[in-house]
file start.cif (mmCIF, C-alpha atoms)
data_run
#
loop_
_atom_site.label_atom_id
_atom_site.label_comp_id
_atom_site.auth_asym_id
_atom_site.auth_seq_id
_atom_site.Cartn_x
_atom_site.Cartn_y
_atom_site.Cartn_z
CA MET A 1 0.00 0.00 0.00
CA GLY A 2 1.44 3.38 -0.98
CA THR A 3 3.41 5.20 1.71
CA SER A 4 2.14 8.61 0.58
CA ALA A 5 -1.49 7.51 0.88
CA LEU A 6 -0.93 6.23 4.40
CA ASN A 7 0.94 9.38 5.36
CA ASN A 8 -2.03 11.41 4.17
CA LEU A 9 -4.37 9.18 6.20
CA ARG A 10 -2.31 9.71 9.35
CA ARG A 11 -3.10 13.42 9.26
CA ASP A 12 -6.82 12.75 9.73
CA PHE A 13 -6.80 9.43 11.58
CA GLY A 14 -6.35 9.34 15.35
CA GLY A 15 -6.47 5.57 15.83
CA ALA A 16 -3.94 2.84 15.17
CA ILE A 17 -2.73 1.98 11.66
CA ILE A 18 -1.30 -1.54 11.75
CA GLU A 19 0.71 -2.83 8.80
CA PRO A 20 2.49 -6.13 8.10
CA GLY A 21 5.58 -6.40 10.27
CA ALA A 22 4.07 -4.57 13.24
CA ASP A 23 4.02 -6.41 16.56
CA ALA A 24 0.20 -6.45 16.67
CA TYR A 25 -0.29 -7.42 13.04
CA GLU A 26 -0.52 -11.18 13.50
CA SER A 27 -3.36 -10.92 16.01
CA VAL A 28 -5.35 -8.17 14.24
CA SER A 29 -4.94 -9.51 10.70
CA ARG A 30 -7.24 -12.47 11.40
CA SER A 31 -10.83 -12.68 12.51
CA VAL A 32 -12.05 -15.29 14.97
CA LEU A 33 -12.85 -17.88 12.28
CA ALA A 34 -10.66 -16.83 9.35
CA VAL A 35 -7.02 -16.04 8.63
CA GLY A 36 -6.16 -13.09 6.40
CA SER A 37 -3.29 -10.92 5.26
CA PRO A 38 -4.69 -7.41 4.77
CA ALA A 39 -2.45 -4.60 3.60
CA CYS A 40 -3.39 -2.64 6.71
CA VAL A 41 -5.75 -2.73 9.67
CA LEU A 42 -7.27 0.58 10.77
CA ARG A 43 -8.54 0.80 14.34
CA PRO A 44 -10.58 4.02 14.65
CA GLU A 45 -11.20 5.66 18.00
CA SER A 46 -13.89 8.12 16.93
CA VAL A 47 -16.53 8.70 14.29
CA ALA A 48 -14.14 11.12 12.60
CA ASP A 49 -11.60 8.28 12.38
CA VAL A 50 -14.21 6.04 10.77
CA ARG A 51 -14.96 8.72 8.20
CA ALA A 52 -11.26 9.02 7.39
CA ALA A 53 -10.92 5.24 7.12
CA VAL A 54 -13.90 4.94 4.80
CA ALA A 55 -12.61 7.79 2.60
CA PHE A 56 -9.21 6.08 2.43
CA ALA A 57 -10.79 2.76 1.46
CA ALA A 58 -13.13 4.35 -1.07
CA ALA A 59 -10.24 6.11 -2.80
CA ARG A 60 -8.43 2.79 -3.21
CA SER A 61 -11.37 0.45 -3.80
CA THR A 62 -10.63 -0.02 -7.51
CA ALA A 63 -7.05 -1.03 -6.80
CA THR A 64 -7.39 -3.38 -3.84
CA PRO A 65 -9.55 -6.31 -2.70
CA PRO A 66 -12.75 -5.45 -0.83
CA LEU A 67 -12.93 -3.51 2.40
CA SER A 68 -13.68 -5.54 5.55
CA VAL A 69 -15.48 -4.03 8.52
CA ARG A 70 -14.94 -5.97 11.74
CA GLY A 71 -16.96 -5.85 14.93
CA GLY A 72 -16.57 -9.08 16.91
CA GLY A 73 -15.10 -10.94 13.93
CA HIS A 74 -17.25 -14.06 14.31
CA ALA A 75 -18.60 -14.32 10.75
CA PHE A 76 -18.27 -17.93 9.63
CA ALA A 77 -17.65 -16.69 6.09
CA GLY A 78 -14.62 -14.68 7.24
CA PHE A 79 -15.98 -11.23 6.43
CA GLY A 80 -13.81 -9.62 9.13
CA THR A 81 -10.56 -9.95 7.21
CA ASN A 82 -9.21 -10.26 3.67
CA ASP A 83 -6.02 -10.64 1.66
CA GLY A 84 -4.32 -7.48 0.46
CA GLY A 85 -7.12 -5.08 1.33
CA ILE A 86 -8.17 -2.86 4.21
CA VAL A 87 -9.77 -3.86 7.51
CA ILE A 88 -11.62 -1.33 9.66
CA ASP A 89 -11.53 -2.83 13.16
CA LEU A 90 -14.16 -1.19 15.38
CA SER A 91 -13.06 -2.75 18.68
CA ALA A 92 -12.05 0.61 20.19
CA LEU A 93 -15.62 1.91 19.74
CA SER A 94 -17.13 -0.20 22.49
CA ALA A 95 -18.73 2.14 25.03
CA VAL A 96 -22.03 1.05 26.61
CA ASP A 97 -24.03 3.94 28.06
CA LEU A 98 -27.49 4.09 29.62
CA ILE A 99 -28.69 7.35 28.06
CA ASP A 100 -32.32 7.28 29.25
CA LYS A 101 -32.80 5.52 32.57
CA GLU A 102 -36.59 5.85 32.63
CA ASN A 103 -37.04 4.29 29.18
CA HIS A 104 -34.06 1.90 29.47
CA LEU A 105 -32.48 3.38 26.33
CA VAL A 106 -28.90 2.20 25.81
CA ARG A 107 -26.30 3.53 23.37
CA ILE A 108 -23.69 0.96 22.33
CA GLY A 109 -20.55 1.49 20.26
CA GLY A 110 -20.35 -0.36 16.96
CA GLY A 111 -17.36 -2.43 18.13
CA ALA A 112 -18.81 -3.65 21.44
CA THR A 113 -19.39 -7.32 22.18
CA TRP A 114 -22.45 -8.79 23.83
CA GLY A 115 -20.39 -9.79 26.84
CA GLN A 116 -19.44 -6.15 27.39
CA VAL A 117 -23.09 -5.18 27.03
CA ALA A 118 -24.34 -7.83 29.47
CA THR A 119 -21.74 -6.83 32.07
CA ALA A 120 -22.49 -3.11 31.78
CA LEU A 121 -26.27 -3.53 31.90
CA ALA A 122 -26.24 -5.99 34.82
CA THR A 123 -25.42 -3.13 37.20
CA HIS A 124 -28.72 -1.51 36.17
CA GLY A 125 -30.78 -4.72 36.27
CA LEU A 126 -31.26 -4.55 32.50
CA ALA A 127 -30.64 -6.78 29.50
CA ILE A 128 -31.04 -6.89 25.73
CA SER A 129 -32.09 -10.03 23.89
CA SER A 130 -28.88 -10.96 22.08
CA GLY A 131 -27.09 -14.09 20.91
CA ASP A 132 -25.54 -16.73 23.12
CA THR A 133 -21.80 -15.89 22.96
CA ARG A 134 -20.03 -13.16 24.94
CA SER A 135 -17.39 -12.32 22.34
CA VAL A 136 -19.79 -11.97 19.40
CA GLY A 137 -20.06 -8.41 18.17
CA VAL A 138 -23.18 -6.34 18.68
CA GLY A 139 -22.99 -5.08 15.09
CA GLY A 140 -22.75 -8.29 13.10
CA LEU A 141 -25.33 -10.13 15.17
CA THR A 142 -27.87 -7.30 15.22
CA LEU A 143 -27.64 -6.30 11.56
CA SER A 144 -28.53 -9.84 10.45
CA GLY A 145 -30.94 -10.90 13.22
CA GLY A 146 -29.92 -11.83 16.73
CA ILE A 147 -31.31 -15.17 17.96
CA GLY A 148 -30.47 -15.98 21.57
CA TRP A 149 -31.76 -16.97 24.99
CA LYS A 150 -34.45 -14.29 25.29
CA VAL A 151 -35.72 -14.56 21.73
CA ARG A 152 -39.18 -15.99 22.39
CA LYS A 153 -39.94 -13.47 25.14
CA HIS A 154 -38.28 -10.33 23.75
CA GLY A 155 -37.62 -11.05 20.08
CA LEU A 156 -34.53 -10.70 17.94
CA ALA A 157 -31.74 -8.31 18.85
CA LEU A 158 -32.77 -6.15 15.88
CA ASP A 159 -36.33 -5.96 17.20
CA GLN A 160 -35.04 -3.91 20.14
CA LEU A 161 -33.05 -1.50 17.98
CA VAL A 162 -34.51 2.00 18.01
CA ALA A 163 -31.80 3.93 16.14
CA ALA A 164 -28.39 3.59 14.52
CA GLU A 165 -25.63 6.00 13.55
CA LEU A 166 -23.54 5.05 10.53
CA VAL A 167 -20.91 6.35 8.17
CA THR A 168 -21.90 5.87 4.54
CA ALA A 169 -19.66 5.16 1.55
CA ALA A 170 -19.70 8.90 0.78
CA GLY A 171 -18.39 9.67 4.28
CA ALA A 172 -21.65 11.14 5.56
CA VAL A 173 -22.74 10.50 9.14
CA VAL A 174 -26.43 9.63 9.16
CA ARG A 175 -28.93 8.57 11.77
CA ALA A 176 -31.59 5.99 11.03
CA SER A 177 -34.69 5.43 13.15
CA ALA A 178 -38.45 5.24 12.86
CA GLU A 179 -38.44 9.02 12.33
CA GLU A 180 -35.23 9.57 10.33
CA ASN A 181 -34.10 7.74 7.19
CA GLN A 182 -36.91 5.26 7.72
CA GLU A 183 -36.12 3.05 4.74
CA LEU A 184 -32.49 2.78 5.82
CA PHE A 185 -33.67 1.86 9.32
CA TRP A 186 -35.81 -0.89 7.80
CA ALA A 187 -32.81 -2.17 5.81
CA LEU A 188 -30.39 -2.14 8.75
CA ARG A 189 -32.66 -4.51 10.66
CA GLY A 190 -31.71 -7.64 8.73
CA GLY A 191 -29.74 -6.32 5.75
CA GLY A 192 -26.31 -6.89 7.28
CA GLY A 193 -23.33 -4.61 6.73
CA ASN A 194 -24.37 -3.54 3.24
CA PHE A 195 -25.05 0.12 3.90
CA GLY A 196 -22.16 1.57 5.85
CA VAL A 197 -20.17 1.36 9.06
CA VAL A 198 -22.50 1.48 12.07
CA THR A 199 -20.63 3.44 14.73
CA ALA A 200 -23.38 3.32 17.38
CA PHE A 201 -26.60 1.47 18.13
CA GLU A 202 -29.44 2.59 20.39
CA PHE A 203 -31.46 -0.21 21.97
CA ALA A 204 -34.50 -0.37 24.22
CA ALA A 205 -33.34 -2.69 27.00
CA HIS A 206 -35.69 -4.42 29.45
CA PRO A 207 -35.54 -5.11 33.17
CA THR A 208 -34.23 -8.58 33.90
CA THR A 209 -33.91 -10.96 36.82
CA ASP A 210 -31.65 -13.96 37.07
CA VAL A 211 -32.78 -16.74 34.76
CA PHE A 212 -33.04 -20.52 34.99
CA HIS A 213 -30.59 -22.03 32.52
CA GLY A 214 -28.91 -25.36 31.95
CA ARG A 215 -28.64 -28.59 30.05
CA ILE A 216 -30.82 -31.69 30.21
CA THR A 217 -29.35 -34.72 28.42
CA PHE A 218 -30.91 -37.91 27.09
CA PRO A 219 -29.53 -41.08 25.46
CA ALA A 220 -28.82 -40.84 21.73
CA ARG A 221 -31.26 -43.67 21.00
CA GLN A 222 -34.11 -41.45 22.20
CA ALA A 223 -33.36 -38.62 19.76
CA ALA A 224 -36.48 -39.02 17.64
CA THR A 225 -38.84 -39.14 20.62
CA VAL A 226 -37.15 -36.26 22.42
CA LEU A 227 -37.11 -34.04 19.33
CA GLN A 228 -40.78 -34.50 18.52
CA GLY A 229 -41.90 -34.11 22.11
CA TRP A 230 -39.69 -31.06 22.57
CA ALA A 231 -41.15 -29.34 19.51
CA ASP A 232 -44.69 -30.15 20.57
CA HIS A 233 -44.07 -28.68 24.03
CA LEU A 234 -42.39 -25.48 22.78
CA ARG A 235 -45.40 -24.82 20.56
CA THR A 236 -47.54 -24.08 23.64
CA ALA A 237 -44.90 -23.40 26.31
CA PRO A 238 -44.66 -19.99 28.02
CA GLU A 239 -42.70 -17.49 25.96
CA GLU A 240 -40.28 -17.17 28.85
CA LEU A 241 -38.93 -20.57 27.78
CA THR A 242 -36.38 -20.68 24.95
CA SER A 243 -34.59 -23.89 24.05
CA ILE A 244 -32.04 -25.52 21.74
CA VAL A 245 -31.51 -29.22 21.02
CA ASN A 246 -28.00 -30.36 20.03
CA PHE A 247 -27.20 -33.93 19.01
CA ALA A 248 -24.85 -36.11 16.94
CA ASN A 249 -21.92 -34.01 18.21
CA PRO A 250 -18.82 -35.44 16.44
CA PHE A 251 -16.65 -34.36 19.38
CA ALA A 252 -18.79 -36.24 21.93
CA GLY A 253 -19.39 -39.56 20.20
CA GLY A 254 -21.13 -38.65 16.95
CA PRO A 255 -24.26 -40.83 16.58
CA ASP A 256 -23.74 -42.05 20.16
CA ALA A 257 -23.46 -38.56 21.64
CA PRO A 258 -26.18 -37.67 24.17
CA VAL A 259 -29.07 -35.50 23.06
CA GLU A 260 -28.60 -32.15 24.80
CA VAL A 261 -31.60 -29.97 25.46
CA LEU A 262 -30.48 -26.53 26.58
CA VAL A 263 -33.14 -24.38 28.23
CA THR A 264 -33.49 -20.85 29.50
CA PHE A 265 -36.51 -19.73 31.48
CA ASP A 266 -36.53 -15.92 31.51
CA GLY A 267 -37.55 -15.38 35.11
CA ASP A 268 -36.54 -16.28 38.67
CA ASP A 269 -39.75 -17.89 39.94
CA PRO A 270 -38.83 -21.55 40.64
CA ARG A 271 -42.43 -22.76 40.44
CA LEU A 272 -43.07 -21.20 37.03
CA ALA A 273 -39.70 -22.41 35.77
CA ALA A 274 -40.41 -25.96 36.92
CA GLU A 275 -43.83 -25.92 35.24
CA ALA A 276 -42.30 -24.72 31.95
CA ILE A 277 -39.28 -27.05 31.95
CA GLY A 278 -40.92 -30.10 33.56
CA PRO A 279 -42.47 -31.53 30.38
CA ILE A 280 -39.02 -31.58 28.76
CA ARG A 281 -37.63 -33.56 31.67
CA GLY A 282 -40.35 -36.11 31.06
CA LEU A 283 -39.44 -36.76 27.42
CA GLY A 284 -37.03 -39.61 28.13
CA ALA A 285 -34.46 -41.12 30.47
CA VAL A 286 -32.59 -38.11 31.83
CA ILE A 287 -28.83 -38.66 32.04
CA ASP A 288 -27.94 -35.28 33.51
CA ASP A 289 -29.76 -32.09 34.51
CA ASP A 290 -27.83 -29.00 35.61
CA VAL A 291 -30.53 -26.35 35.26
CA SER A 292 -30.10 -23.68 37.91
CA LEU A 293 -30.75 -20.01 38.61
CA ARG A 294 -27.97 -17.86 37.11
CA PRO A 295 -27.30 -14.21 36.21
CA TYR A 296 -28.27 -13.63 32.58
CA GLY A 297 -24.72 -12.59 31.70
CA ASP A 298 -23.42 -15.96 32.91
CA VAL A 299 -25.64 -17.74 30.36
CA LEU A 300 -23.60 -16.31 27.50
CA VAL A 301 -20.66 -18.57 26.71
CA GLU A 302 -17.14 -17.55 25.85
CA GLY A 303 -16.20 -17.74 22.17
CA VAL A 304 -13.32 -20.00 21.20
CA ILE A 305 -10.73 -19.33 18.50
CA PRO A 306 -10.22 -22.62 16.65
CA PRO A 307 -6.72 -24.06 16.15
CA PRO A 308 -4.94 -23.13 12.92
CA GLY A 309 -6.28 -25.00 9.91
CA ILE A 310 -9.67 -25.83 11.42
CA ARG A 311 -12.70 -24.73 9.44
CA PHE A 312 -16.38 -24.51 10.35
CA ALA A 313 -18.99 -25.05 7.65
CA PRO A 314 -22.50 -24.33 8.97
CA ARG A 315 -25.71 -24.48 6.97
CA SER A 316 -29.10 -23.30 8.16
CA GLY A 317 -32.79 -23.19 7.32
CA PHE A 318 -36.19 -22.55 8.85
CA ALA A 319 -39.24 -24.77 9.35
CA GLY A 320 -42.83 -23.93 10.12
CA GLU A 321 -45.28 -25.90 12.24
CA GLU A 322 -46.65 -27.75 9.24
CA SER A 323 -43.25 -29.22 8.34
CA ALA A 324 -41.69 -29.60 11.80
CA ALA A 325 -42.48 -33.30 12.20
CA ALA A 326 -41.00 -34.23 8.81
CA VAL A 327 -37.88 -32.14 9.40
CA LEU A 328 -37.24 -33.57 12.85
CA GLY A 329 -37.72 -37.10 11.57
CA ILE A 330 -35.12 -36.57 8.84
CA LEU A 331 -32.68 -35.01 11.32
CA ALA A 332 -33.07 -37.81 13.86
CA GLU A 333 -32.34 -40.37 11.13
CA ALA A 334 -29.35 -38.39 9.85
CA GLY A 335 -27.93 -37.98 13.35
CA ALA A 336 -27.87 -41.73 13.87
CA ALA A 337 -25.54 -42.29 10.89
CA GLN A 338 -21.75 -42.35 11.03
CA GLY A 339 -20.19 -39.10 9.82
CA ALA A 340 -23.20 -36.99 10.78
CA PRO A 341 -22.58 -33.28 11.41
CA LEU A 342 -23.40 -31.53 14.65
CA ILE A 343 -27.14 -30.89 14.42
CA SER A 344 -28.85 -28.06 16.29
CA VAL A 345 -32.52 -27.11 16.36
CA ARG A 346 -33.55 -23.78 17.90
CA SER A 347 -37.02 -22.79 19.07
CA LEU A 348 -38.50 -19.59 17.66
CA GLY A 349 -42.04 -18.22 17.58
CA GLY A 350 -43.27 -16.02 20.40
CA ALA A 351 -42.20 -12.40 20.14
CA VAL A 352 -40.38 -13.02 16.84
CA SER A 353 -43.56 -14.09 15.08
CA ARG A 354 -45.63 -11.15 16.30
CA VAL A 355 -43.64 -8.66 14.24
CA PRO A 356 -45.17 -8.17 10.76
CA GLU A 357 -43.17 -9.94 8.06
CA GLU A 358 -42.35 -6.75 6.15
CA ALA A 359 -41.58 -4.59 9.18
CA THR A 360 -37.86 -5.38 8.96
CA ALA A 361 -35.48 -6.87 6.40
CA TYR A 362 -35.25 -10.03 8.53
CA ALA A 363 -37.64 -12.20 6.56
CA HIS A 364 -38.31 -15.40 8.53
CA ARG A 365 -40.92 -14.33 11.07
CA ARG A 366 -43.28 -17.27 10.75
CA ALA A 367 -40.72 -20.00 11.35
CA GLU A 368 -41.21 -22.26 14.36
CA LEU A 369 -37.73 -23.80 14.23
CA MET A 370 -34.27 -22.94 12.95
CA ILE A 371 -32.11 -25.88 11.86
CA VAL A 372 -28.31 -25.64 11.81
CA THR A 373 -25.83 -28.32 10.76
CA THR A 374 -22.12 -27.75 11.32
CA THR A 375 -19.17 -29.66 9.91
CA ALA A 376 -15.78 -28.84 11.43
CA GLY A 377 -12.21 -29.93 10.87
CA PRO A 378 -9.28 -29.40 8.51
CA GLY A 379 -10.20 -28.23 5.03
CA PRO A 380 -9.98 -31.69 3.40
CA VAL A 381 -12.26 -33.16 6.06
CA VAL A 382 -14.86 -30.46 5.54
CA GLU A 383 -14.71 -30.90 1.77
CA ALA A 384 -14.99 -34.67 2.06
CA ALA A 385 -18.17 -34.25 4.10
CA ARG A 386 -19.78 -31.91 1.56
CA PRO A 387 -21.57 -34.60 -0.53
CA ALA A 388 -23.23 -36.03 2.57
CA MET A 389 -24.29 -32.54 3.67
CA ASP A 390 -25.68 -31.79 0.23
CA ALA A 391 -27.66 -35.03 0.39
CA LEU A 392 -29.04 -34.21 3.85
CA TRP A 393 -30.10 -30.72 2.84
CA GLY A 394 -31.56 -32.14 -0.35
CA ARG A 395 -33.85 -34.27 1.80
CA LEU A 396 -34.73 -31.27 3.95
CA ALA A 397 -35.34 -28.97 0.97
CA PRO A 398 -39.06 -29.74 0.50
CA HIS A 399 -39.70 -28.92 4.16
CA VAL A 400 -37.48 -25.92 4.96
CA THR A 401 -37.12 -22.38 3.67
CA GLY A 402 -34.58 -19.59 3.77
CA ALA A 403 -31.33 -19.33 5.70
CA TYR A 404 -30.00 -17.34 8.66
CA ALA A 405 -27.10 -15.13 7.59
CA ASN A 406 -25.32 -15.46 10.93
CA PHE A 407 -25.14 -19.26 10.49
CA LEU A 408 -23.78 -19.53 6.97
CA GLY A 409 -20.21 -20.41 6.08
CA SER A 410 -20.35 -18.91 2.59
CA ALA A 411 -21.88 -15.99 0.72
CA THR A 412 -22.78 -17.37 -2.68
CA GLU A 413 -25.65 -15.99 -4.75
CA ALA A 414 -27.71 -18.97 -3.59
CA ASP A 415 -26.94 -18.10 0.04
CA VAL A 416 -27.98 -14.48 -0.46
CA ALA A 417 -31.19 -15.57 -2.19
CA ALA A 418 -31.99 -17.84 0.76
CA VAL A 419 -31.38 -15.07 3.29
CA TYR A 420 -33.42 -12.48 1.39
CA PRO A 421 -36.62 -13.41 -0.49
CA ALA A 422 -36.99 -11.64 -3.83
CA ARG A 423 -39.22 -8.80 -2.59
CA THR A 424 -36.95 -8.14 0.38
CA TYR A 425 -33.86 -8.20 -1.84
CA GLU A 426 -35.29 -5.69 -4.32
CA ARG A 427 -36.21 -3.30 -1.53
CA LEU A 428 -32.72 -3.68 -0.01
CA ALA A 429 -31.14 -3.09 -3.43
CA ALA A 430 -32.94 0.26 -3.66
CA VAL A 431 -31.55 1.32 -0.28
CA LYS A 432 -28.12 0.07 -1.29
CA ARG A 433 -28.27 2.14 -4.46
CA GLU A 434 -28.93 5.26 -2.39
CA PHE A 435 -26.29 4.77 0.31
CA ASP A 436 -23.59 2.64 -1.37
CA PRO A 437 -23.99 2.88 -5.15
CA GLY A 438 -20.41 1.73 -5.77
CA ASN A 439 -20.78 -1.33 -3.51
CA LEU A 440 -17.82 -0.37 -1.31
CA PHE A 441 -19.35 -2.49 1.48
CA ALA A 442 -19.39 -5.78 -0.41
CA ARG A 443 -17.73 -8.16 2.03
CA ASN A 444 -20.96 -9.55 3.45
CA HIS A 445 -24.02 -11.37 2.18
CA ASN A 446 -23.97 -8.79 -0.52
CA VAL A 447 -26.93 -6.91 -1.90
CA ARG A 448 -25.90 -5.30 -5.16
CA PRO A 449 -27.05 -1.73 -5.88
CA ARG A 450 -28.92 -2.59 -9.03
#
call {"tool": "encode", "arguments": {"input": "start.cif", "output": "structure tokens"}}
result
Amino acid sequence: MGTSALNNLRRDFGGAIIEPGADAYESVSRSVLAVGSPACVLRPESVADVRAAVAFAAARSTATPPLSVRGGGHAFAGFGTNDGGIVIDLSALSAVDLIDKENHLVRIGGGATWGQVATALATHGLAISSGDTRSVGVGGLTLSGGIGWKVRKHGLALDQLVAAELVTAAGAVVRASAEENQELFWALRGGGGNFGVVTAFEFAAHPTTDVFHGRITFPARQAATVLQGWADHLRTAPEELTSIVNFANPFAGGPDAPVEVLVTFDGDDPRLAAEAIGPIRGLGAVIDDDVSLRPYGDVLVEGVIPPPGIRFAPRSGFAGEESAAAVLGILAEAGAAQGAPLISVRSLGGAVSRVPEEATAYAHRRAELMIVTTTAGPGPVVEAARPAMDALWGRLAPHVTGAYANFLGSATEADVAAVYPARTYERLAAVKREFDPGNLFARNHNVRPR
């Protein structure tokens, strides 16, 4: 990268500029799930720094690979880094401030993680429905959805967003909310990082107590019975109950691995929690049960950086009530076979489904379940498993729709089409054309400004 261009940038940029050879380069050049070799990593410390970084990237966009914008850096597709290009690392913009105590309004920097948010809000007895990992970035999770342990009671992370501040490709600082730049606000709630660098989010938090959370495990041979009974129960269970079923874990025995039912009851009343969770305990022969009352922040797990050379290849889809039984039957059969991937099924419905389908760019409101399969290992192992995964998803295809951007390991045209139905995509493309006509922000599940 030209020395003169960087020297010019240094006049307007107050944050760190990290180039190959610098002591910090090795750690900042990669994201959590991908290795890269960018020409430089820019770590802004203010909105003015972000504007300077975007202007620098825009001036060089025809000569270098795409710009990467990194929040937490957890994108499975490796959006948070690149080879030979520019990375804007937002980690220094991580303040969490309660700006309206009466209305629980919280302003969060674009580089904050959900662990930082949970810790800061705990002192006020507040929480925001987020994901399930502390080190995941607020930005990446929110802009594409946000499915976590409070999702059935309080909705997606993006459902609690009331405003956002972002720097556009032209270097303008704009605010989007229900009153300002309304179409951009619609697009930000599900459209990913297509429209600019979000430097701050404003959320409506909610009062929280401790929650009942833990894991109930059953023998692998009972997978089919547990899955169907679990889905039937969640269909009528209190919205305070959110749950995930994991099975066929290759690292815990594959087809012989226990069926793990993780539960969170969003409340601290032991009687109500027992009534909500009890039917799950009765689905089979319980091997272990560690459900207990815990602070909400302790429910979020720590993220793990995989060893060098290890890849994760997740695929995802959604199922409605009418297809749930068929989907769960296929998954139970697949999980019993040697070489099965890790299979996860997440409960949805509740608050998610009460939002009108076209209210946000997140387009899967009517789904009852989200299905995720994950293959992990060295590259050759992941590639060798691809035919079996294609066959499994071919069987699921008549019964599932869409995909969840945060659980995709690639960003092909087919992936983008699954994330965004045609009408949603066309509306997003119009917003993209207004705020990023040159497609500077293309390292994502990209919506082209056509």
call {"tool": "residues_around", "arguments": {"input": "start.cif", "residues": "Asn194 of chain A", "least_positions_apart": "3", "cutoff": "12 Å", "atoms": "all atoms listed in the file", "output": "compact mmCIF listing (two decimals) with C-alpha atoms, in the coordinates of the input"}}
result
# COMPACT_ATOMS: atom_id res chain seq x y z
CA LEU A 67 -12.93 -3.51 2.40
CA SER A 68 -13.68 -5.54 5.55
CA VAL A 69 -15.48 -4.03 8.52
CA PHE A 79 -15.98 -11.23 6.43
CA GLY A 140 -22.75 -8.29 13.10
CA LEU A 143 -27.64 -6.30 11.56
CA SER A 144 -28.53 -9.84 10.45
CA LEU A 166 -23.54 5.05 10.53
CA VAL A 167 -20.91 6.35 8.17
CA THR A 168 -21.90 5.87 4.54
CA ALA A 169 -19.66 5.16 1.55
CA LEU A 184 -32.49 2.78 5.82
CA ALA A 187 -32.81 -2.17 5.81
CA LEU A 188 -30.39 -2.14 8.75
CA ARG A 189 -32.66 -4.51 10.66
CA GLY A 190 -31.71 -7.64 8.73
CA GLY A 191 -29.74 -6.32 5.75
CA VAL A 197 -20.17 1.36 9.06
CA VAL A 198 -22.50 1.48 12.07
CA TYR A 425 -33.86 -8.20 -1.84
CA LEU A 428 -32.72 -3.68 -0.01
CA ALA A 429 -31.14 -3.09 -3.43
CA ALA A 430 -32.94 0.26 -3.66
CA VAL A 431 -31.55 1.32 -0.28
CA LYS A 432 -28.12 0.07 -1.29
CA ARG A 433 -28.27 2.14 -4.46
CA GLU A 434 -28.93 5.26 -2.39
CA PHE A 435 -26.29 4.77 0.31
CA ASP A 436 -23.59 2.64 -1.37
CA PRO A 437 -23.99 2.88 -5.15
CA GLY A 438 -20.41 1.73 -5.77
CA ASN A 439 -20.78 -1.33 -3.51
CA LEU A 440 -17.82 -0.37 -1.31
CA PHE A 441 -19.35 -2.49 1.48
CA ALA A 442 -19.39 -5.78 -0.41
CA ARG A 443 -17.73 -8.16 2.03
CA ASN A 444 -20.96 -9.55 3.45
CA HIS A 445 -24.02 -11.37 2.18
CA ASN A 446 -23.97 -8.79 -0.52
CA VAL A 447 -26.93 -6.91 -1.90
CA ARG A 448 -25.90 -5.30 -5.16
CA PRO A 449 -27.05 -1.73 -5.88
call {"tool": "closest_atom_pairs", "arguments": {"input": "start.cif", "of": "segment 347-415 of chain A", "to": "segment 150-161 of chain A", "cutoff": "10 Å", "atoms": "only C-alpha atoms", "output": "tab-separated table"}}
result
residue	atom	partner	partner_atom	distance
A:Ser347	CA	A:Arg152	CA	7.9
A:Leu348	CA	A:Arg152	CA	6.0
A:Gly349	CA	A:Arg152	CA	6.0
A:Gly350	CA	A:Arg152	CA	4.5
A:Ala351	CA	A:Gly155	CA	4.8
A:Val352	CA	A:Gly155	CA	4.7
A:Ser353	CA	A:Gly155	CA	8.3
A:Arg354	CA	A:Gly155	CA	8.9
A:Val355	CA	A:Asp159	CA	8.3
A:Ala359	CA	A:Asp159	CA	9.7
A:Thr360	CA	A:Asp159	CA	8.4
A:Ala361	CA	A:Leu158	CA	9.9
A:Tyr362	CA	A:Leu158	CA	8.7
call {"tool": "atom_distance", "arguments": {"input": "start.cif", "atom1": "atom CA of Ile277 of chain A", "atom2": "atom CA of Val400 of chain A"}}
result
27.1 Å
call {"tool": "residues_near_point", "arguments": {"input": "start.cif", "point": "(-9.3, -18.5, 8.0)", "cutoff": "9 Å", "atoms": "only C-alpha atoms", "output": "ChimeraX atom specification"}}
result
/A:30-36,77-78,81,308-311
call {"tool": "closest_residue", "arguments": {"input": "start.cif", "among": "A:Gly192, A:Pro398, A:Thr113, A:Val372", "to": "Tyr420 of chain A", "atoms": "only C-alpha atoms"}}
result
A:Gly192
call {"tool": "atom_distance", "arguments": {"input": "start.cif", "atom1": "atom CA of Gly379 of chain A", "atom2": "atom CA of Asn246 of chain A"}}
result
23.4 Å
call {"tool": "resolve_selection", "arguments": {"input": "start.cif", "expression": "the PyMOL selection byres ((chain A and resi 3-13) around 9)", "output": "PyMOL selection string"}}
result
chain A and resi 1-2+14-17+42+44-46+48-53+56
call {"tool": "atom_distance", "arguments": {"input": "start.cif", "atom1": "atom CA of Ala385 of chain A", "atom2": "atom CA of Gly339 of chain A"}}
result
7.8 Å
call {"tool": "closest_residue", "arguments": {"input": "start.cif", "among": "A:His399, A:Arg346, A:Arg215, A:Arg365", "to": "Asp288 of chain A", "atoms": "only C-alpha atoms"}}
result
A:Arg215
call {"tool": "closest_residue", "arguments": {"input": "start.cif", "among": "A:Ala172, A:Ser29, A:Thr375, A:Phe318", "to": "Asp83 of chain A", "atoms": "all atoms listed in the file"}}
result
A:Ser29
